[in-house]
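*Asks:* coords.cif (mmCIF, C-alpha atoms) pasted underneath:
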data_my_file
loop_
_atom_site.label_atom_id
_atom_site.label_comp_id
_atom_site.auth_asym_id
_atom_site.auth_seq_id
_atom_site.Cartn_x
_atom_site.Cartn_y
_atom_site.Cartn_z
CA MET A 1 -11.55 16.00 -23.58
CA ARG A 2 -12.68 12.96 -21.57
CA LYS A 3 -11.81 10.58 -24.44
CA PHE A 4 -8.12 11.50 -24.04
CA LEU A 5 -8.03 10.61 -20.32
CA LEU A 6 -8.09 6.82 -20.71
CA PRO A 7 -5.16 6.60 -23.15
CA ALA A 8 -3.14 8.92 -20.89
CA VAL A 9 -3.90 6.78 -17.84
CA LEU A 10 -3.08 3.57 -19.69
CA SER A 11 0.19 5.04 -20.94
CA ALA A 12 1.11 6.08 -17.40
CA LEU A 13 0.35 2.59 -16.08
CA ILE A 14 2.35 0.90 -18.84
CA LEU A 15 5.30 3.13 -18.10
CA LEU A 16 4.96 2.41 -14.40
CA ILE A 17 4.79 -1.35 -14.89
CA SER A 18 7.69 -1.40 -17.33
CA GLY A 19 9.69 0.81 -14.97
CA CYS A 20 9.58 -1.97 -12.37
CA SER A 21 11.68 -4.28 -14.50
CA THR A 22 14.67 -2.01 -14.86
CA GLY A 23 17.36 -0.84 -12.50
CA ASP A 24 18.77 -2.42 -9.39
CA ASP A 25 16.89 -0.87 -6.50
CA ALA A 26 14.69 1.96 -5.30
CA VAL A 27 15.90 5.31 -6.50
CA ALA A 28 15.16 8.91 -5.63
CA GLN A 29 13.52 11.04 -8.30
CA GLY A 30 14.00 14.54 -6.94
CA ASN A 31 12.93 14.25 -3.31
CA THR A 32 10.48 11.37 -3.70
CA PHE A 33 10.71 7.61 -3.65
CA GLN A 34 10.54 5.80 -7.01
CA PHE A 35 10.29 2.04 -6.71
CA VAL A 36 12.26 -0.19 -9.04
CA SER A 37 12.09 -3.90 -8.26
CA PRO A 38 15.54 -5.45 -7.85
CA GLY A 39 16.04 -8.70 -9.77
CA GLY A 40 13.52 -11.17 -8.44
CA GLN A 41 13.41 -10.11 -4.78
CA THR A 42 10.03 -10.35 -3.09
CA VAL A 43 10.96 -8.69 0.23
CA ILE A 44 12.99 -5.48 0.17
CA THR A 45 14.00 -3.43 3.20
CA TYR A 46 15.51 0.03 3.42
CA GLU A 47 17.68 1.52 6.15
CA PRO A 48 16.50 4.92 7.47
CA ALA A 49 19.32 6.80 5.71
CA ASP A 50 18.28 5.31 2.34
CA ARG A 51 14.56 6.09 2.58
CA LYS A 52 12.85 8.79 0.54
CA PRO A 53 9.29 10.13 0.95
CA ILE A 54 6.57 8.71 -1.27
CA ALA A 55 4.35 10.84 -3.47
CA GLY A 56 0.97 11.91 -2.12
CA LEU A 57 -1.57 9.10 -1.89
CA GLU A 58 -5.27 9.91 -2.04
CA GLY A 59 -8.53 8.67 -3.44
CA GLU A 60 -12.07 7.73 -2.52
CA ASP A 61 -12.86 5.57 0.51
CA LEU A 62 -14.15 2.20 -0.71
CA VAL A 63 -17.05 2.07 1.75
CA SER A 64 -18.09 5.69 2.38
CA GLY A 65 -17.07 7.28 -0.93
CA GLN A 66 -15.53 10.16 1.03
CA PRO A 67 -12.01 11.50 0.28
CA LEU A 68 -9.25 9.45 1.90
CA ALA A 69 -5.56 10.40 1.90
CA LEU A 70 -2.30 9.42 3.51
CA SER A 71 -2.07 13.08 4.56
CA ASP A 72 -5.23 12.72 6.74
CA VAL A 73 -4.73 13.37 10.45
CA ARG A 74 -5.39 9.72 11.36
CA PHE A 75 -2.12 8.76 9.62
CA ALA A 76 0.03 11.67 10.87
CA ASP A 77 3.26 10.61 12.61
CA LYS A 78 2.25 6.96 12.42
CA VAL A 79 3.79 3.90 10.85
CA VAL A 80 1.46 3.12 7.94
CA VAL A 81 1.09 -0.28 6.31
CA ILE A 82 -0.25 0.03 2.76
CA ASN A 83 -1.74 -3.10 1.24
CA VAL A 84 -2.66 -3.34 -2.45
CA TRP A 85 -5.43 -5.91 -2.86
CA GLY A 86 -8.40 -7.10 -4.91
CA SER A 87 -11.31 -9.36 -4.02
CA TRP A 88 -10.47 -11.31 -7.21
CA CYS A 89 -6.96 -12.09 -5.92
CA GLY A 90 -6.54 -15.50 -4.23
CA PRO A 91 -3.41 -14.55 -2.24
CA CYS A 92 -5.21 -11.39 -1.05
CA ARG A 93 -8.00 -13.53 0.37
CA GLY A 94 -5.39 -15.74 2.01
CA GLU A 95 -3.52 -12.90 3.72
CA ALA A 96 -6.56 -10.86 4.84
CA ASP A 97 -6.79 -12.44 8.31
CA ASP A 98 -3.03 -12.04 8.83
CA LEU A 99 -3.18 -8.34 7.95
CA GLU A 100 -6.11 -7.79 10.30
CA ARG A 101 -4.28 -9.52 13.18
CA VAL A 102 -1.19 -7.33 12.72
CA TYR A 103 -3.40 -4.23 12.49
CA GLU A 104 -5.26 -5.07 15.71
CA ASP A 105 -2.05 -6.01 17.56
CA ASN A 106 -0.19 -2.80 16.66
CA ARG A 107 -2.72 0.00 16.29
CA ASP A 108 -2.28 1.15 19.91
CA ASP A 109 1.46 1.59 19.22
CA GLY A 110 1.03 4.25 16.54
CA VAL A 111 0.45 1.98 13.55
CA GLU A 112 -2.27 2.46 10.92
CA PHE A 113 -3.20 0.44 7.85
CA LEU A 114 -4.45 1.72 4.50
CA GLY A 115 -5.63 -0.52 1.69
CA ILE A 116 -5.67 0.22 -2.02
CA ASN A 117 -8.36 -1.80 -3.76
CA LEU A 118 -7.25 -2.26 -7.37
CA ARG A 119 -9.16 -3.29 -10.54
CA ASP A 120 -12.19 -4.47 -8.59
CA ASP A 121 -15.96 -4.39 -8.70
CA ARG A 122 -16.93 -2.03 -5.86
CA ASP A 123 -19.70 -4.26 -4.46
CA SER A 124 -17.42 -7.31 -4.48
CA ALA A 125 -14.73 -5.31 -2.72
CA LYS A 126 -17.20 -4.11 -0.06
CA ASP A 127 -18.37 -7.71 0.48
CA PHE A 128 -14.71 -8.75 0.91
CA VAL A 129 -14.23 -6.11 3.64
CA ILE A 130 -17.46 -7.06 5.44
CA ASP A 131 -16.99 -10.85 5.19
CA ARG A 132 -13.41 -10.68 6.49
CA LYS A 133 -14.17 -8.01 9.11
CA VAL A 134 -11.42 -5.71 7.81
CA GLY A 135 -11.09 -2.85 10.30
CA PHE A 136 -8.94 -0.46 8.29
CA PRO A 137 -9.98 1.75 5.35
CA SER A 138 -9.17 1.25 1.69
CA ILE A 139 -8.98 3.59 -1.26
CA TYR A 140 -11.16 2.36 -4.13
CA ASP A 141 -8.81 2.58 -7.10
CA PHE A 142 -10.25 0.65 -10.03
CA PRO A 143 -8.09 2.35 -12.70
CA GLY A 144 -4.88 2.39 -10.63
CA LEU A 145 -4.55 6.19 -10.45
CA SER A 146 -3.78 6.32 -6.71
CA LEU A 147 -1.35 3.47 -7.06
CA ALA A 148 0.38 5.15 -10.02
CA ALA A 149 0.91 8.26 -7.90
CA LEU A 150 2.46 6.07 -5.20
CA THR A 151 5.11 4.87 -7.72
CA THR A 152 4.95 1.24 -6.64
CA PRO A 153 4.75 -1.73 -8.98
CA THR A 154 1.20 -2.41 -10.16
CA SER A 155 2.12 -5.73 -11.71
CA VAL A 156 2.18 -7.50 -8.32
CA VAL A 157 -0.99 -7.97 -6.27
CA PRO A 158 -0.87 -8.26 -3.34
CA THR A 159 1.85 -5.77 -2.48
CA THR A 160 2.40 -4.56 1.08
CA ILE A 161 4.49 -1.50 1.93
CA VAL A 162 5.52 -0.51 5.46
CA LEU A 163 6.05 3.23 5.78
CA ASP A 164 7.94 4.72 8.70
CA ARG A 165 6.53 7.62 10.74
CA GLN A 166 7.80 10.06 8.10
CA HIS A 167 5.90 8.03 5.48
CA ARG A 168 9.02 6.70 3.78
CA PRO A 169 9.13 3.04 2.65
CA ALA A 170 10.95 0.88 5.18
CA ALA A 171 9.94 -2.46 3.66
CA VAL A 172 8.13 -3.74 0.58
CA PHE A 173 6.58 -7.20 0.23
CA LEU A 174 5.93 -8.19 -3.38
CA LYS A 175 3.93 -11.25 -2.34
CA ALA A 176 1.30 -12.40 0.12
CA VAL A 177 2.61 -11.65 3.59
CA SER A 178 2.21 -13.69 6.78
CA ASP A 179 1.27 -12.13 10.10
CA LYS A 180 4.60 -13.24 11.62
CA GLU A 181 6.85 -11.60 9.01
CA LEU A 182 4.76 -8.44 8.78
CA ASP A 183 4.43 -8.07 12.56
CA GLU A 184 8.21 -8.34 12.97
CA VAL A 185 8.83 -5.52 10.47
CA VAL A 186 6.02 -3.31 11.79
CA LYS A 187 7.26 -3.60 15.39
CA ARG A 188 10.85 -2.85 14.33
CA VAL A 189 9.83 0.25 12.33
CA ALA A 190 7.46 1.45 15.09
CA ALA A 191 10.34 1.22 17.61
CA GLU A 192 12.68 3.40 15.55
CA PRO A 193 13.61 6.67 17.25
CA ALA A 194 11.56 9.68 16.15
CA GLY A 195 13.17 11.52 13.26
CA SER A 196 15.46 8.66 12.19
CA ALA A 197 17.65 9.91 9.34
#
Using structure tokens, write down the structure that the file contains.
*Replies:*
Amino acid sequence: MRKFLLPAVLSALILLISGCSTGDDAVAQGNTFQFVSPGGQTVITYEPADRKPIAGLEGEDLVSGQPLALSDVRFADKVVVINVWGSWCGPCRGEADDLERVYEDNRDDGVEFLGINLRDDRDSAKDFVIDRKVGFPSIYDFPGLSLAALTTPTSVVPTTIVLDRQHRPAAVFLKAVSDKELDEVVKRVAAEPAGSA
């Protein structure tokens, strides 16, 4: 049975990647958010009325190996910044300090960060976290299963997604992000009234 898992996973990833190149915008599939990249945009924002919840996000903590999920209590009712990264990715190395600054500056205001480490050697990824003093956790997701469940494009690394307190995408950065542009979005989303439509 195990030999059938890899082709199924690869098929799901191919469908996910090819799905990013069609359509005009994010769309709702049932009650969840399905991301479709609009023609060439690298920064996409969504008004509260247009946001849909994302699918469940869970996996194994990169460092501890313990289960880690967006549904964990540490993320409840918080703005969550999800960053897809790899130690092999030059732009990821370039933005790491910026992400950490925004995390440290906003965590007391109900903001959490969650990384998704994609297609990486685990030891290299751990070294990346230690060397850059990354203070937030990451899901270790070599095959892209957690990312596939999130329904975001896997063809762009780094990708950063800002979720509102209801864990709906408010902004998506399909590029390396600077501390200034990310901080501006995070502060705006964190200041939204509770239960924004």
*Asks:* Running the PyMOL selection byres ((chain A and resi 86) around 9) on this model by hand, what would come out? Give it as an mmCIF file with C-alpha atoms, in the coordinates of the input.
*Replies:*
data_model
loop_
_atom_site.group_PDB
_atom_site.id
_atom_site.type_symbol
_atom_site.label_atom_id
_atom_site.label_comp_id
_atom_site.auth_asym_id
_atom_site.auth_seq_id
_atom_site.Cartn_x
_atom_site.Cartn_y
_atom_site.Cartn_z
ATOM 1 C CA VAL A 84 -2.660 -3.340 -2.450
ATOM 2 C CA TRP A 85 -5.430 -5.910 -2.860
ATOM 3 C CA SER A 87 -11.310 -9.360 -4.020
ATOM 4 C CA TRP A 88 -10.470 -11.310 -7.210
ATOM 5 C CA CYS A 89 -6.960 -12.090 -5.920
ATOM 6 C CA GLY A 90 -6.540 -15.500 -4.230
ATOM 7 C CA CYS A 92 -5.210 -11.390 -1.050
ATOM 8 C CA ARG A 93 -8.000 -13.530 0.370
ATOM 9 C CA ILE A 116 -5.670 0.220 -2.020
ATOM 10 C CA ASN A 117 -8.360 -1.800 -3.760
ATOM 11 C CA LEU A 118 -7.250 -2.260 -7.370
ATOM 12 C CA ARG A 119 -9.160 -3.290 -10.540
ATOM 13 C CA ASP A 120 -12.190 -4.470 -8.590
ATOM 14 C CA ASP A 121 -15.960 -4.390 -8.700
ATOM 15 C CA ALA A 125 -14.730 -5.310 -2.720
ATOM 16 C CA PHE A 128 -14.710 -8.750 0.910
ATOM 17 C CA VAL A 157 -0.990 -7.970 -6.270
ATOM 18 C CA PRO A 158 -0.870 -8.260 -3.340
#
*Asks:* Write out as a list of chain:residue names the residues lying within 10 Å of Ala191 in chain A, counting all atoms listed in the file and excluding same-chain residues fewer than 2 positions away.
*Replies:* A:Val79, A:Asp109, A:Gly110, A:Asp164, A:Val185, A:Val186, A:Lys187, A:Arg188, A:Val189, A:Pro193, A:Ala194
*Asks:* Give me the result of the PyMOL selection byres ((chain A and resi 77) around 6) on this file, residue by residue, as a list in words.
*Replies:*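 That selection, the PyMOL selection byres ((chain A and resi 77) around 6), comes back as Ala76, Lys78 and Arg165 of chain A.
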*Asks:* At most 12 Å is the cut-off: for each residue in range 70-94 of chain A with any atom that close to an atom of range 46-55 of chain A, write down the nearest atom pair and the distance in Å rounded to one decimal, counting all atoms listed in the file, chain first then increasing number, as a Markdown table.
*Replies:*
| residue | atom | partner | partner_atom | distance |
| --- | --- | --- | --- | --- |
| A:Leu70 | CA | A:Ala55 | CA | 9.7 |
| A:Ser71 | CA | A:Ala55 | CA | 10.5 |
| A:Val80 | CA | A:Ile54 | CA | 11.9 |
| A:Ile82 | CA | A:Ile54 | CA | 11.8 |
*Asks:* Those same residues, written as a CSV table (one decimal), in the frame of the given file with C-alpha atoms?
*Replies:*
chain,number,residue,atom,x,y,z
A,70,LEU,CA,-2.3,9.4,3.5
A,71,SER,CA,-2.1,13.1,4.6
A,80,VAL,CA,1.5,3.1,7.9
A,82,ILE,CA,-0.2,0.0,2.8
*Asks:* Can you work out which one of A:Leu174, A:Val63, A:Val73, A:Thr160 has the shortest atom-to-atom distance to Val134 in chain A, counting only C-alpha atoms?
*Replies:*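 Using only C-alpha atoms, the shortest distance to Val134 in chain A belongs to A:Val63.
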*Asks:* Considering all atoms listed in the file, can you say which of A:Lys126, A:Val102, A:Gly56, A:Val43 comes closest to Val172 in chain A?
*Replies:*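 Looking only at the distances to Val172 in chain A, the closest residue turns out to be A:Val43.
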*Asks:* Excluding Gly135 in chain A and its own-chain neighbours fewer than 3 positions away, which residues fall within 10 Å of it when counting only C-alpha atoms? Please give them as a list in words.
*Replies:*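 Near Gly135 in chain A, the qualifying residues are Leu99, Glu100, Arg101, Tyr103, Glu104, Phe113, Leu114, Val129, Ile130, Arg132 and Ser138 of chain A.
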*Asks:* Here is a test: counting all atoms listed in the file, which residue of A:Arg168, A:Lys175, A:Lys180, A:Arg122 is nearest to Gly65 in chain A?
*Replies:*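 Checking each candidate against Gly65 in chain A, we get A:Arg122 as the closest.
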*Asks:* Give me, please, the distance in Å between CA of Ser146 in chain A and CA of Leu57 in chain A, quoted to one decimal.
*Replies:*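 Between these atoms lies a distance of 6.0 Å.
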*Asks:* I'd like the box whose edges run along x, y and z of the file and which contains every listed atom of range 168-174 of chain A, padded by 3 Å per side; could you state its centre and edge lengths in Å, one decimal, as lines of an AutoDock Vina configuration file?
*Replies:*
center_x = 8.4
center_y = -0.7
center_z = 0.9
size_x = 11.0
size_y = 20.9
size_z = 14.6
*Asks:* How many Å lie between CA of Glu112 in chain A and CA of Ile161 in chain A, rounded to one decimal?
*Replies:* 11.9 Å
*Asks:* To one decimal in Å, tell me the separation between CA of Leu62 in chain A and CA of Asp141 in chain A.
*Replies:*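 Calculated distance between CA of Leu62 in chain A and CA of Asp141 in chain A is 8.3 Å.
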*Asks:* Only C-alpha atoms, as a compact mmCIF listing (two decimals), in the first residue's frame: that is what I want for range 42-182 of chain A.
*Replies:*
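Listing of result_10.txt after writing:
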# COMPACT_ATOMS: atom_id res chain seq x y z
CA THR A 42 3.10 39.17 -6.00
CA VAL A 43 1.14 40.88 -3.20
CA ILE A 44 -2.57 40.16 -2.85
CA THR A 45 -4.85 41.52 -0.14
CA TYR A 46 -8.39 40.56 0.80
CA GLU A 47 -11.07 42.65 2.48
CA PRO A 48 -12.72 41.00 5.51
CA ALA A 49 -15.97 40.34 3.62
CA ASP A 50 -14.06 38.44 0.90
CA ARG A 51 -12.04 36.18 3.21
CA LYS A 52 -12.70 32.47 3.62
CA PRO A 53 -11.20 30.10 6.23
CA ILE A 54 -8.21 28.01 5.23
CA ALA A 55 -8.10 24.24 5.52
CA GLY A 56 -6.56 22.71 8.64
CA LEU A 57 -2.79 23.05 8.83
CA GLU A 58 -0.78 20.55 10.84
CA GLY A 59 2.42 18.59 10.81
CA GLU A 60 5.53 17.82 12.81
CA ASP A 61 7.52 20.53 14.59
CA LEU A 62 10.87 20.92 12.82
CA VAL A 63 12.90 21.02 16.04
CA SER A 64 11.01 18.89 18.57
CA GLY A 65 9.28 16.42 16.23
CA GLN A 66 6.07 16.93 18.23
CA PRO A 67 2.69 17.57 16.54
CA LEU A 68 2.18 21.22 15.57
CA ALA A 69 -1.07 22.66 14.21
CA LEU A 70 -2.70 25.97 13.45
CA SER A 71 -5.53 24.75 15.72
CA ASP A 72 -3.15 24.67 18.74
CA VAL A 73 -4.09 26.96 21.63
CA ARG A 74 -1.04 29.21 21.07
CA PHE A 75 -2.58 30.36 17.75
CA ALA A 76 -6.21 30.70 18.93
CA ASP A 77 -7.76 34.12 18.25
CA LYS A 78 -4.43 35.47 17.02
CA VAL A 79 -3.26 36.97 13.77
CA VAL A 80 -0.97 34.29 12.33
CA VAL A 81 1.78 34.91 9.80
CA ILE A 82 2.62 31.75 7.86
CA ASN A 83 5.96 31.69 6.08
CA VAL A 84 6.90 28.96 3.59
CA TRP A 85 10.68 28.63 3.50
CA GLY A 86 13.68 26.40 2.85
CA SER A 87 17.30 26.67 3.96
CA TRP A 88 18.22 26.13 0.28
CA CYS A 89 16.29 29.26 -0.75
CA GLY A 90 18.37 32.44 -1.12
CA PRO A 91 15.45 34.87 -0.70
CA CYS A 92 14.40 32.94 2.43
CA ARG A 93 17.82 33.54 3.94
CA GLY A 94 17.52 37.21 2.99
CA GLU A 95 14.13 37.74 4.62
CA ALA A 96 14.74 35.71 7.82
CA ASP A 97 15.91 38.69 9.90
CA ASP A 98 12.99 40.81 8.66
CA LEU A 99 10.47 38.13 9.65
CA GLU A 100 12.03 37.78 13.09
CA ARG A 101 11.89 41.56 13.67
CA VAL A 102 8.19 41.70 12.77
CA TYR A 103 7.52 38.67 14.98
CA GLU A 104 9.30 40.21 17.99
CA ASP A 105 7.67 43.64 17.45
CA ASN A 106 4.10 42.28 17.25
CA ARG A 107 3.87 39.15 19.39
CA ASP A 108 2.61 41.08 22.43
CA ASP A 109 -0.28 42.38 20.30
CA GLY A 110 -1.79 38.97 19.60
CA VAL A 111 0.35 37.98 16.61
CA GLU A 112 2.00 34.58 16.12
CA PHE A 113 4.20 33.22 13.35
CA LEU A 114 4.27 29.69 11.93
CA GLY A 115 6.80 28.50 9.39
CA ILE A 116 6.44 25.68 6.89
CA ASN A 117 9.82 24.24 5.99
CA LEU A 118 9.50 22.76 2.50
CA ARG A 119 11.68 20.27 0.55
CA ASP A 120 14.57 20.56 2.99
CA ASP A 121 17.15 18.43 4.75
CA ARG A 122 16.03 18.46 8.40
CA ASP A 123 19.51 19.10 9.85
CA SER A 124 20.11 21.99 7.42
CA ALA A 125 16.73 23.45 8.34
CA LYS A 126 17.50 23.19 12.07
CA ASP A 127 20.87 24.89 11.50
CA PHE A 128 19.06 27.69 9.63
CA VAL A 129 16.73 28.24 12.62
CA ILE A 130 19.60 28.21 15.14
CA ASP A 131 21.99 30.38 13.09
CA ARG A 132 19.33 33.03 12.44
CA LYS A 133 17.85 32.84 15.96
CA VAL A 134 14.34 32.21 14.63
CA GLY A 135 11.96 32.41 17.60
CA PHE A 136 8.82 30.94 16.06
CA PRO A 137 8.08 27.28 15.26
CA SER A 138 8.01 25.63 11.85
CA ILE A 139 6.30 22.55 10.51
CA TYR A 140 8.80 20.22 8.84
CA ASP A 141 7.11 19.44 5.53
CA PHE A 142 9.60 17.86 3.15
CA PRO A 143 6.98 16.35 0.80
CA GLY A 144 4.63 19.37 0.86
CA LEU A 145 1.67 17.56 2.47
CA SER A 146 0.92 20.31 5.02
CA LEU A 147 1.27 22.95 2.35
CA ALA A 148 -1.02 21.04 -0.02
CA ALA A 149 -3.70 20.98 2.68
CA LEU A 150 -3.31 24.74 3.06
CA THR A 151 -4.20 25.20 -0.65
CA THR A 152 -1.53 27.80 -1.31
CA PRO A 153 0.82 27.82 -4.28
CA THR A 154 3.82 25.54 -3.76
CA SER A 155 5.62 26.87 -6.81
CA VAL A 156 6.71 30.05 -5.01
CA VAL A 157 9.19 29.95 -2.12
CA PRO A 158 9.21 32.05 -0.07
CA THR A 159 5.50 32.69 0.36
CA THR A 160 4.12 34.60 3.34
CA ILE A 161 0.44 34.57 4.29
CA VAL A 162 -1.11 36.85 6.92
CA LEU A 163 -4.17 35.28 8.52
CA ASP A 164 -6.67 37.35 10.49
CA ARG A 165 -7.83 36.31 13.97
CA GLN A 166 -10.36 33.95 12.38
CA HIS A 167 -7.50 32.36 10.42
CA ARG A 168 -8.65 33.67 7.06
CA PRO A 169 -6.07 35.01 4.57
CA ALA A 170 -5.88 38.80 4.69
CA ALA A 171 -2.73 39.12 2.59
CA VAL A 172 -0.45 36.87 0.55
CA PHE A 173 3.13 37.74 -0.46
CA LEU A 174 4.42 35.61 -3.33
CA LYS A 175 7.98 36.90 -2.88
CA ALA A 176 10.53 37.71 -0.23
CA VAL A 177 8.97 40.22 2.11
CA SER A 178 10.59 43.19 3.87
CA ASP A 179 10.01 43.97 7.53
CA LYS A 180 8.43 47.33 6.62
CA GLU A 181 5.78 45.94 4.24
CA LEU A 182 4.98 42.94 6.43
